[in-house]
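So the structure is just underneath, and the comments pick up after that.
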Amino acid sequence: MKINPSTKEIFTDTGTFVKRLYCHIHVKWKAMKKIEDGSRICIECNKTIQDTASFNDTDLIKLIKNDPQACLKVNLNQDNVKIIH
Amino acid sequence: MFFKRLLEIFVGNAQSKIKKVDINCTECGLVFDNTINECPDCKYMKILTDGSFDEMSDDLRVISTIRGETAINAAKEMGLKLLELRAEVSDQFKVKYKKLQHRKTGEIITIGDFRDDNLYRNLGYKTLVDWTSKNPSKFFSPYAAYVIPKDIKKGECVLINDVITNHVSERWNQGDVYRLSKSEAIWTGKYFYIDVSSYAIGEFIG
């Protein structure tokens, strides 16, 4: 997975655009409610936010294909993330 | 704004080849170099004259930042309340990069992630400039100030789009340290308490 921090766009390792991360609510990950599978629930909108730390490109594409509005959390220091500019 | 600066570092290949030339501003006469897009004095004077002090963003009042003696003196003459702070470049901020060139096509690219090194070597790129760190902080003047709304109340949460003081937004585990340029803040009555976590870039959600 690749992320461009200036545009907040994420791509697969081969450069295919996946989605642009945007949330107007600005709830912090730490403030969200933990659930068993490692994802969290936003306390403001009740949506489930998927932690992408263990995702590979296939997982990512599958998730967005099933639900293009799926919410994701990406941390710059994840081992599976490369930063592009 | 911080990422705009980052982008300038990494995308600015063509720009970096341009020779530094002094430009005389046709409006105020300030001499500035061509690495800056617009005259900084005019930019901050515009903030004072366009009447944008009542701007809101995400239900928060936006605090204007002005930089340079010209704008600060003008603001004082206008009777505006200012919180003056010194804008200092801190050595702790650094962003690394490496420039590569394709052996056959001559294409020049810039990478910022150590893990891309092998990938591009295998794709036929050679090193043009080896790993180097740059401090993206650049303030045209050490004089800066926040314009304080006269009706601001102690404890009010505001949005500052151009933070003057130095705060770490994120430390990437490859050594890069990013400066916080935008933040929510609380007015204490004397200064703004910068809520670093409000706009720190470590995590992206959406």
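Naming scheme: A, B, ... for chains in displayed order of the structure tokens; residues 1 onward per chain; ligands 1 onward as shown.
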Next item on the list: Output as a ChimeraX atom specification all residues of chain B that backbone DSSP marks as strand (DSSP E or B).
Entry: /B:22-24,31-33,56-57,60-63,65-67,81-86,94-102,108-111,125-134,143-148,157-160,168-171,177-179,183-187,192-195,203-205
Note to self: With 10 Å as the limit and counting only C-alpha atoms, what residues in chain A lie close to chain B? Please list them as a PyMOL selection string.
What the structure shows: chain A and resi 3-9+19-29+49-51+69-79+81-85
Margin query: I want to know what sits within 9 Å of range 58-66 of chain A, based on only C-alpha atoms, with residues of the same chain fewer than 5 positions away left out; could you give that as a PyMOL selection string?
Written below: chain A and resi 1+12+18-19+52
Which residues are near range 87-100 of chain B? Cut-off 7 Å, only C-alpha atoms, ignore same chain within fewer than 4 positions. Put them as a short mmCIF file (atom, residue, chain, number, x, y, z; two decimals) with C-alpha atoms, in the first residue's frame.
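Below you can see result_19.cif, which holds the result:
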```
data_model
loop_
_atom_site.label_atom_id
_atom_site.label_comp_id
_atom_site.auth_asym_id
_atom_site.auth_seq_id
_atom_site.Cartn_x
_atom_site.Cartn_y
_atom_site.Cartn_z
CA ILE B 108 14.88 12.07 -12.93
CA ILE B 109 12.73 11.09 -9.96
CA THR B 110 12.83 11.82 -6.23
CA ILE B 111 12.08 9.18 -3.63
CA GLY B 112 11.51 9.60 0.10
CA TYR B 125 17.75 3.95 -12.04
CA LYS B 126 21.10 5.20 -10.78
CA THR B 127 21.79 7.56 -7.88
CA LEU B 128 22.04 11.23 -8.78
CA VAL B 129 21.90 12.66 -5.26
CA ASP B 130 22.28 10.20 -2.38
CA TRP B 131 20.04 10.30 0.72
CA THR B 132 19.98 13.84 2.02
CA SER B 133 17.85 15.54 4.64
CA LYS B 134 16.29 18.96 4.25
CA ASN B 135 14.59 21.14 6.80
CA PRO B 136 11.41 22.33 5.07
CA SER B 137 10.86 25.14 7.59
CA LYS B 138 11.44 28.48 5.94
CA PHE B 139 10.17 31.76 7.34
CA PRO B 142 11.59 36.22 12.28
CA TYR B 143 8.70 38.54 13.15
CA ALA B 144 5.26 36.96 13.30
CA ILE B 164 4.14 30.22 14.48
CA THR B 165 5.71 28.13 17.25
CA ASN B 166 7.45 24.83 16.54
CA ASP B 176 11.79 12.16 9.09
CA VAL B 177 10.33 14.68 11.53
CA TYR B 178 7.40 16.78 10.33
CA ARG B 179 6.47 20.21 11.66
#
```
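The coordinates place CA of Asn161 in chain B at 18.9 Å from CA of Ile36 in chain B.
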Next item on the list: For Arg61 in chain B, work out the shell of residues within 10 Å, counting only C-alpha atoms and skipping chain neighbours fewer than 2 positions away, then give it as a ChimeraX atom specification.
Entry: /B:53-59,63-64,149,152,156-160,184
Next item on the list: For Lys33 in chain A, list every protein, DNA or RNA residue within 8 Å, evaluated using only C-alpha atoms, and leave out those in the same chain fewer than 2 positions away; present the list as an MDAnalysis selection string.
Entry: chainID A and resid 31 35 40:43
Item checked: alpha helix (DSSP H) call set, DSSP backbone run, range 76-187 of chain B, as number ranges by chain -> B: 76-77, 116-122
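Atom pair CA of Leu119 in chain B / CA of Phe17 in chain A: separated by 19.4 Å.
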